[in-house]
2 protein chains.
Amino acid sequence: MPQTVRPSEEVSIADVAARAGVSVATVSRVLNGHTNVRQPTREKVLAAVAVSGYRINELARNLRTAESRLLLTMVPDFGNPFYAAIVRGIDSVARQNGYFMLLCDTGADPLRERSYFDLLRGRRADGAICLDPAAVQKALAEEASALPWVACCEFDPAAGVPYVGIDNHAAAGDVVRYLVGRGHRKIALINSGHGYLYGRQRFEGYRDALVAAGIEAHPAWQIELDSLDYTAGEAAARQLAALGADRPTAVFAVSDTLAIGVINGLRGAALSVPEDVAVVGFDDIAVAAHIDPPLTTVAQPMQELGETAAHLLLKRLREPEAQVAGVLLPHQLILRRSA
Amino acid sequence: MPQTVRPSEEVSIADVAARAGVSVATVSRVLNGHTNVRQPTREKVLAAVAVSGYRINELARNLRTAESRLLLTMVPDFGNPFYAAIVRGIDSVARQNGYFMLLCDTGADPLRERSYFDLLRGRRADGAICLDPAAVQKALAEEASALPWVACCEFDPAAGVPYVGIDNHAAAGDVVRYLVGRGHRKIALINSGHGYLYGRQRFEGYRDALVAAGIEAHPAWQIELDSLDYTAGEAAARQLAALGADRPTAVFAVSDTLAIGVINGLRGAALSVPEDVAVVGFDDIAVAAHIDPPLTTVAQPMQELGETAAHLLLKRLREPEAQVAGVLLPHQLILRRSA
DNA sequence: CTGAAAGCGCTAACAG
DNA sequence: CTGTTAGCGCTTTCAG
């Protein structure tokens with residue numbers, strides 16, 4: 001016969017029922033705010049709860065109701081302030097809807113992402129929001145398409161997964177057109193490499209806008225990085241500065257962290273911004289407005305991106321059958337002094 | 001009679017057992033890697049698992065084993081890169097030990113923190129790491145001291161809660177002594193206000209070092225803020241710049257975000273750093289090295305702070321009775337160009 | 001080495 | 001309005 005090993009202080013719903021002189025069903029009813037309980041009975045129960053110090057065991061409730069009330073959020077790097085703002089948006093609507101957020105840093109590693117997705121399969125999370133590179137998502141797409149998840153920022157409209165993001169192609173075009181309007185014709189692109197779909201979209205926006213302006217880009221002006229670190233931006237800037245006569249007069253970096261690194265790298269090469277080289281970033285993270293020179297950048301509605309992702313997911317949980325379309329939020333070019 | 005509403009595709013351990021022609025107990029044994037199962041039997045089970053596409057329901061396991069394998073982390077603001085680095089440290093050791101991390105942003109709000117602590121009470125998390133202001137923690141101290149949690153960065157040695165942090169008093173003293181050594185006698189302190197214990201500790205370190213150097217501080221040089229935003233730092237800088245002849249020649253800000261704001265504010269007042277005013281920050285967040293001028297600051301071992309906190313908590317979970325002492329990690333003054 | 005069976009603590013039919 | 005009872009899906013004695 002299995003024995004109960006719980007410490008004596010653990011009080012269960014049955015204890016409360018006994019103390020109140022009612023059934024466990026009644027206790028459950030008042031706990032869950034059902035209305036069909038007489039007032040005196042309700043009070044008896046509440047009193048018993050109070051004196052016994054009872055706390056509901058949500059693990060048991062979770063099993064019974066078959067939900068964990070947890071939303072999983074996967075980010076490639078929560079050291080990047082860009083993600084922090086989005087995560088805050090997710091968190092706020094999750095909480096408003098009675099969910100908590102399980103935050104995981106995948107480091108853009110497919111294996112780690114896979115193991116996090118197992119949280120869904122094991123019912124430990126009810127749904128997931130994925131901010132990982134599309135390449136990483138893709139590996140999962142087939143087998144995971146039935147799982148309740150949505151994509152945020154990184155998305156492949158063709159993947160059949162609900163998503164929210166911005167029009168990266170247009171945004172990159174806006175930047176190039178602005179720069180061209182200011183007289184620049186030698187415009188570099190510092191891009192995050194490989195897996196990121198937004199990288200490709202922004203590259204295409206950059207290329208198309210250049211073509212439309214009748215400008216041919218020097219191959220050396222297009223740099224692919226495998227990191228969004230400040231340091232990576234610095235290295236890219238040095239590389240560009242070394243071009244001598246072929247040096248670009250403007251640089252478009254696909255992330256503010258990169259752009260800040262670029263500015264610093266340019267400074268190290270005795271080039272001043274924006275006089276010698278104009279610099280435009282992307283994201284509009286908090287620090288962008290507070291450096292020297294203040295960064296001209298494309299603002300993404302970060303908080304709203306997160307909120308929308310959470311709403312999309314919640315909707316998918318409520319109506320599993322409903323077809324949820326992808327949504328694109330507006331971006332905005334913020335003019336400051338760096339370009 | 002209650003009916004089973006689970007979709008037909010949901011397969012349970014009983015289905016696997018039936019398919020393999022064994023009992024659920026045996027399936028469970030195989031799943032949990034128990035050794036007392038004959039090889040042929042094990043293979044039958046594994047085969048049945050594979051063909052049925054069975055995934056263990058961790059909610060059920062959690063109820064049975066009475067643990068959630070989740071660690072709760074509460075931060076006052078995950079927009080601050082300082083916290084991001086710590087959180088990464090926590091996450092890495094949590095994962096190494098088979099736990100996932102539930103990350104919550106309390107906004108330094110006692111009510112929200114309380115509600116998060118309820119996750120512990122409801123067994124949805126096995127333990128917690130709290131980075132909130134001591135004042136917020138204190139409200140919980142009495143009733144929550146029995147709960148398995150540890151404090152990180154913010155700690156009251158007298159509270160009886162295991163903690164990890166740095167010696168803030170000494171660190172602030174180091175900054176002041178360095179500044180005095182460079183000839184400064186008019187040293188301002190820009191502090192986070194109110195609740196934060198580290199604020200008080202750093203203030204005392206600042207004050208004591210000043211006294212030891214025989215310097216009397218002008219009251220106007222001590223500014224209390226209720227935010228660590230860049231903007232808050234900027235406002236403080238303007239305030240200091242307006243002092244005219246009484247203007248300090250050095251500023252010690254208790255956070256890098258504040259310090260970056262200060263530098264920007266000073267620049268707005270046409271004061272240059274470090275020539276007119278030297279600026280020292282605290283934390284050594286990633287961007288600190290990449291602004292102009294690069295920030296002199298006190299580095300905290302952020303990753304290690306998080307890792308240690310997680311280890312402390314894990315130890316407390318394993319040995320509930322053991323007395324865990326507080327631990328102080330070394331800090332380091334990083335000299336760059338801002339001071 | 002394997003199986004039967006007793007729950008973990010809770011919710012929700014169903015019957016009264 | 002309230003109680004009885006059957007599980008949710010799993011782990012773990014205890015017997016054989």
# chains A, B, ... in the order shown; residues from 1 in each chain; ligands from 1

$ interface_residues --of "chain A" --to "chain B" --cutoff "6 Å" --atoms "only C-alpha atoms" --output "list in words"
Ile56, Asn57, Glu58, Leu59, Ala60, Leu63, Gly79, Ala84, Leu102, Leu103 and Gly122 of chain A

$ residues_around --residues "Val176 in chain B" --least-positions-apart "2" --cutoff "9 Å" --atoms "only C-alpha atoms (C1' of nucleotides)" --output "list in words"
Ala171, Ala172, Gly173, Asp174, Tyr178, Leu179, Val180, Gly181, His184, Ile187, Gly205, Tyr206, Arg207, Ala209, Leu210 and Phe252 of chain B

$ interface_residues --of "chain C" --to "chain B" --cutoff "10 Å" --atoms "only C-alpha atoms (C1' of nucleotides)" --output "list in words"
DC1, DT2, DG3, DA4, DG7, DC8, DG9, DA12, DA13 and DC14 of chain C

$ write_last_selection --atoms "N, CA and C atoms (P, O5', C5', C4', C3', O3' and C1' of nucleotides)" --output "mmCIF file, in the first residue's frame"
data_model
loop_
_atom_site.group_PDB
_atom_site.id
_atom_site.type_symbol
_atom_site.label_atom_id
_atom_site.label_comp_id
_atom_site.auth_asym_id
_atom_site.auth_seq_id
_atom_site.Cartn_x
_atom_site.Cartn_y
_atom_site.Cartn_z
ATOM 1 P P DC C 1 16.411 -8.150 -14.410
ATOM 2 O "O5'" DC C 1 14.885 -8.643 -14.459
ATOM 3 C "C5'" DC C 1 14.484 -9.366 -15.606
ATOM 4 C "C4'" DC C 1 13.002 -9.532 -15.549
ATOM 5 C "C3'" DC C 1 12.200 -8.311 -16.036
ATOM 6 O "O3'" DC C 1 11.319 -8.794 -17.055
ATOM 7 C "C1'" DC C 1 11.363 -9.072 -13.957
ATOM 8 P P DT C 2 10.437 -7.876 -17.939
ATOM 9 O "O5'" DT C 2 9.059 -7.859 -17.165
ATOM 10 C "C5'" DT C 2 8.209 -9.010 -17.269
ATOM 11 C "C4'" DT C 2 7.014 -8.807 -16.384
ATOM 12 C "C3'" DT C 2 6.134 -7.621 -16.751
ATOM 13 O "O3'" DT C 2 4.932 -8.173 -17.276
ATOM 14 C "C1'" DT C 2 6.395 -7.854 -14.395
ATOM 15 P P DG C 3 3.759 -7.188 -17.794
ATOM 16 O "O5'" DG C 3 2.818 -7.226 -16.506
ATOM 17 C "C5'" DG C 3 2.400 -8.493 -16.013
ATOM 18 C "C4'" DG C 3 1.445 -8.306 -14.859
ATOM 19 C "C3'" DG C 3 0.352 -7.265 -15.101
ATOM 20 O "O3'" DG C 3 -0.858 -7.776 -14.539
ATOM 21 C "C1'" DG C 3 1.568 -6.686 -13.165
ATOM 22 P P DA C 4 -2.248 -7.073 -14.828
ATOM 23 O "O5'" DA C 4 -2.799 -6.845 -13.341
ATOM 24 C "C5'" DA C 4 -2.357 -7.676 -12.284
ATOM 25 C "C4'" DA C 4 -2.904 -7.136 -10.969
ATOM 26 C "C3'" DA C 4 -4.134 -6.233 -11.098
ATOM 27 O "O3'" DA C 4 -4.900 -6.434 -9.920
ATOM 28 C "C1'" DA C 4 -2.313 -4.962 -10.256
ATOM 29 P P DG C 7 -5.163 4.358 -1.525
ATOM 30 O "O5'" DG C 7 -5.989 5.006 -2.744
ATOM 31 C "C5'" DG C 7 -5.965 6.402 -2.945
ATOM 32 C "C4'" DG C 7 -4.550 6.902 -3.170
ATOM 33 C "C3'" DG C 7 -4.549 8.381 -3.487
ATOM 34 O "O3'" DG C 7 -3.482 9.017 -2.839
ATOM 35 C "C1'" DG C 7 -3.629 7.149 -5.297
ATOM 36 P P DC C 8 -3.761 10.417 -2.090
ATOM 37 O "O5'" DC C 8 -2.837 11.438 -2.893
ATOM 38 C "C5'" DC C 8 -1.483 11.198 -3.122
ATOM 39 C "C4'" DC C 8 -0.970 12.241 -4.093
ATOM 40 C "C3'" DC C 8 -1.818 13.500 -4.189
ATOM 41 O "O3'" DC C 8 -1.164 14.546 -3.479
ATOM 42 C "C1'" DC C 8 -1.373 12.563 -6.393
ATOM 43 P P DG C 9 -1.931 15.265 -2.234
ATOM 44 O "O5'" DG C 9 -2.945 16.230 -2.972
ATOM 45 C "C5'" DG C 9 -2.450 17.241 -3.827
ATOM 46 C "C4'" DG C 9 -3.580 17.738 -4.681
ATOM 47 C "C3'" DG C 9 -4.805 18.218 -3.902
ATOM 48 O "O3'" DG C 9 -5.024 19.553 -4.304
ATOM 49 C "C1'" DG C 9 -5.439 16.776 -5.670
ATOM 50 P P DA C 12 -14.324 21.922 -14.473
ATOM 51 O "O5'" DA C 12 -15.337 20.713 -14.610
ATOM 52 C "C5'" DA C 12 -14.917 19.567 -15.333
ATOM 53 C "C4'" DA C 12 -16.028 18.563 -15.324
ATOM 54 C "C3'" DA C 12 -17.410 19.186 -15.509
ATOM 55 O "O3'" DA C 12 -18.210 18.210 -16.149
ATOM 56 C "C1'" DA C 12 -17.336 18.143 -13.449
ATOM 57 P P DA C 13 -19.062 18.694 -17.461
ATOM 58 O "O5'" DA C 13 -20.588 18.337 -17.271
ATOM 59 C "C5'" DA C 13 -20.951 17.540 -16.253
ATOM 60 C "C4'" DA C 13 -20.826 16.051 -16.618
ATOM 61 C "C3'" DA C 13 -22.190 15.403 -16.625
ATOM 62 O "O3'" DA C 13 -22.221 14.205 -17.342
ATOM 63 C "C1'" DA C 13 -21.034 15.025 -14.563
ATOM 64 P P DC C 14 -23.638 13.648 -17.812
ATOM 65 O "O5'" DC C 14 -24.307 13.176 -16.447
ATOM 66 C "C5'" DC C 14 -23.745 12.067 -15.746
ATOM 67 C "C4'" DC C 14 -24.405 11.954 -14.397
ATOM 68 C "C3'" DC C 14 -25.933 12.135 -14.445
ATOM 69 O "O3'" DC C 14 -26.517 10.889 -14.103
ATOM 70 C "C1'" DC C 14 -24.942 13.302 -12.615
#

$ interface_residues --of "chain D" --to "chain B" --cutoff "12 Å" --atoms "only C-alpha atoms (C1' of nucleotides)" --output "list in words"
DT4, DT5, DA6, DG7, DC8, DG9, DC10, DT11, DT12 and DT13 of chain D

$ select_by_dssp --residues "range 55-115 of chain A" --states "strand (DSSP E or B)" --output "number ranges by chain"
A: 70-75, 100-105

$ residues_around --residues "Leu335 in chain A" --least-positions-apart "6" --cutoff "10 Å" --atoms "only C-alpha atoms (C1' of nucleotides)" --output "list of chain:residue names"
A:Tyr178, A:Val280, A:Pro294, A:Leu295, A:Thr296, A:Thr297, A:Val298

$ write_last_selection --atoms "N, CA and C atoms" --output "JSON list (two decimals), in the first residue's frame"
[["chain", "number", "residue", "atom", "x", "y", "z"],
["A", 178, "TYR", "N", 15.63, 57.58, -48.41],
["A", 178, "TYR", "CA", 15.98, 58.75, -47.59],
["A", 178, "TYR", "C", 17.44, 59.14, -47.83],
["A", 280, "VAL", "N", 22.60, 54.71, -40.43],
["A", 280, "VAL", "CA", 21.20, 54.47, -40.08],
["A", 280, "VAL", "C", 21.10, 53.08, -39.45],
["A", 294, "PRO", "N", 23.02, 61.07, -31.91],
["A", 294, "PRO", "CA", 21.78, 60.29, -31.78],
["A", 294, "PRO", "C", 21.50, 59.58, -33.10],
["A", 295, "LEU", "N", 21.03, 58.36, -32.96],
["A", 295, "LEU", "CA", 20.91, 57.48, -34.12],
["A", 295, "LEU", "C", 19.63, 57.65, -34.94],
["A", 296, "THR", "N", 19.80, 57.85, -36.20],
["A", 296, "THR", "CA", 18.67, 57.80, -37.14],
["A", 296, "THR", "C", 18.38, 56.33, -37.38],
["A", 297, "THR", "N", 17.13, 55.95, -37.26],
["A", 297, "THR", "CA", 16.83, 54.52, -37.29],
["A", 297, "THR", "C", 15.38, 54.23, -37.67],
["A", 298, "VAL", "N", 15.11, 53.00, -37.99],
["A", 298, "VAL", "CA", 13.74, 52.60, -38.29],
["A", 298, "VAL", "C", 13.11, 52.04, -37.02]]

$ atom_distance --atom1 "CA of Glu216 in chain B" --atom2 "CA of Leu189 in chain B"
13.0 Å

$ residues_around --residues "Gly195 in chain B" --least-positions-apart "2" --cutoff "10 Å" --atoms "only C-alpha atoms (C1' of nucleotides)" --output "compact mmCIF listing (two decimals) with all heavy atoms, in the first residue's frame"
# COMPACT_ATOMS: atom_id res chain seq x y z
N ALA B 108 9.08 46.15 -10.25
CA ALA B 108 9.34 46.57 -8.86
C ALA B 108 8.05 46.86 -8.10
O ALA B 108 8.02 47.64 -7.16
CB ALA B 108 10.27 47.79 -8.81
N ASP B 132 14.33 41.69 -7.08
CA ASP B 132 13.58 42.89 -6.78
C ASP B 132 14.21 43.70 -5.65
O ASP B 132 15.00 43.19 -4.90
CB ASP B 132 12.16 42.51 -6.38
CG ASP B 132 11.25 42.57 -7.58
OD1 ASP B 132 11.54 43.31 -8.51
OD2 ASP B 132 10.25 41.84 -7.58
N PRO B 133 13.77 44.94 -5.55
CA PRO B 133 14.24 45.79 -4.45
C PRO B 133 13.99 45.13 -3.10
O PRO B 133 12.98 44.44 -2.92
CB PRO B 133 13.39 47.05 -4.58
CG PRO B 133 12.94 47.07 -5.99
CD PRO B 133 12.86 45.64 -6.44
N ALA B 134 14.89 45.37 -2.20
CA ALA B 134 14.77 44.77 -0.87
C ALA B 134 13.45 45.15 -0.21
O ALA B 134 12.83 44.33 0.49
CB ALA B 134 15.94 45.21 -0.01
N ALA B 135 13.03 46.38 -0.46
CA ALA B 135 11.79 46.83 0.16
C ALA B 135 10.63 45.94 -0.27
O ALA B 135 9.77 45.58 0.52
CB ALA B 135 11.51 48.28 -0.23
N VAL B 136 10.67 45.57 -1.54
CA VAL B 136 9.61 44.73 -2.07
C VAL B 136 9.72 43.33 -1.46
O VAL B 136 8.73 42.71 -1.09
CB VAL B 136 9.71 44.66 -3.60
CG1 VAL B 136 8.67 43.71 -4.15
CG2 VAL B 136 9.54 46.05 -4.20
N GLN B 137 10.96 42.87 -1.38
CA GLN B 137 11.17 41.54 -0.80
C GLN B 137 10.70 41.49 0.64
O GLN B 137 10.11 40.51 1.08
CB GLN B 137 12.67 41.19 -0.84
CG GLN B 137 13.23 41.03 -2.24
CD GLN B 137 14.72 40.67 -2.21
OE1 GLN B 137 15.24 40.25 -1.18
NE2 GLN B 137 15.39 40.86 -3.33
N GLU B 154 20.09 42.26 -4.91
CA GLU B 154 19.46 42.99 -3.82
C GLU B 154 19.31 42.03 -2.67
O GLU B 154 18.63 41.00 -2.79
CB GLU B 154 18.07 43.45 -4.25
CG GLU B 154 18.02 44.80 -4.85
CD GLU B 154 18.37 45.89 -3.86
OE1 GLU B 154 17.57 46.20 -2.98
OE2 GLU B 154 19.47 46.44 -4.01
N SER B 192 19.85 55.58 -7.47
CA SER B 192 18.47 55.12 -7.62
C SER B 192 17.84 55.33 -6.26
O SER B 192 18.44 55.04 -5.24
CB SER B 192 18.45 53.65 -7.95
OG SER B 192 18.84 52.89 -6.83
N GLY B 193 16.67 55.86 -6.25
CA GLY B 193 16.08 56.24 -4.97
C GLY B 193 15.59 55.09 -4.13
O GLY B 193 15.86 53.92 -4.40
N LEU B 197 18.23 48.54 -1.80
CA LEU B 197 19.21 48.43 -0.73
C LEU B 197 20.60 48.75 -1.28
O LEU B 197 21.41 49.39 -0.63
CB LEU B 197 19.19 47.01 -0.18
CG LEU B 197 19.68 46.83 1.24
CD1 LEU B 197 18.88 47.70 2.18
CD2 LEU B 197 19.57 45.37 1.65
N TYR B 198 20.85 48.31 -2.51
CA TYR B 198 22.18 48.57 -3.07
C TYR B 198 22.42 50.08 -3.17
O TYR B 198 23.54 50.55 -3.07
CB TYR B 198 22.36 47.87 -4.42
CG TYR B 198 21.70 48.54 -5.60
CD1 TYR B 198 22.25 49.68 -6.20
CD2 TYR B 198 20.51 48.05 -6.14
CE1 TYR B 198 21.64 50.30 -7.29
CE2 TYR B 198 19.90 48.65 -7.22
CZ TYR B 198 20.46 49.77 -7.79
OH TYR B 198 19.85 50.38 -8.85
N GLY B 199 21.35 50.81 -3.35
CA GLY B 199 21.45 52.26 -3.40
C GLY B 199 21.98 52.80 -2.08
O GLY B 199 22.86 53.65 -2.05
N ARG B 200 21.44 52.27 -1.01
CA ARG B 200 21.87 52.75 0.30
C ARG B 200 23.32 52.33 0.56
O ARG B 200 24.13 53.10 1.06
CB ARG B 200 20.96 52.18 1.39
CG ARG B 200 20.90 53.09 2.60
CD ARG B 200 19.88 52.63 3.62
NE ARG B 200 20.35 51.45 4.34
CZ ARG B 200 19.51 50.57 4.90
NH1 ARG B 200 18.21 50.73 4.80
NH2 ARG B 200 19.99 49.53 5.55
N ASP B 226 14.10 58.02 -9.25
CA ASP B 226 13.25 56.85 -9.06
C ASP B 226 13.22 56.00 -10.33
O ASP B 226 12.27 55.27 -10.58
CB ASP B 226 11.84 57.26 -8.64
CG ASP B 226 11.22 58.22 -9.61
OD1 ASP B 226 11.90 58.57 -10.61
OD2 ASP B 226 10.07 58.63 -9.39

$ closest_residue --among "B:Ala309, B:Val175, B:Val27, B:Met302" --to "Asp208 in chain B" --atoms "only C-alpha atoms"
B:Val175

$ select_by_dssp --residues "range 151-335 of chain A" --states "helix (DSSP H, G or I)" --output "VMD selection string"
chain A and resid 157 to 159 168 to 181 197 to 212 219 to 221 230 to 241 244 to 246 256 to 268 286 to 290 302 to 318

$ atom_distance --atom1 "CA of Val51 in chain B" --atom2 "CA of Glu10 in chain B"
13.3 Å

$ closest_residue --among "B:Gly89, B:Gly281, B:Asp246, B:Val273" --to "Gln303 in chain B" --atoms "only C-alpha atoms"
B:Gly89
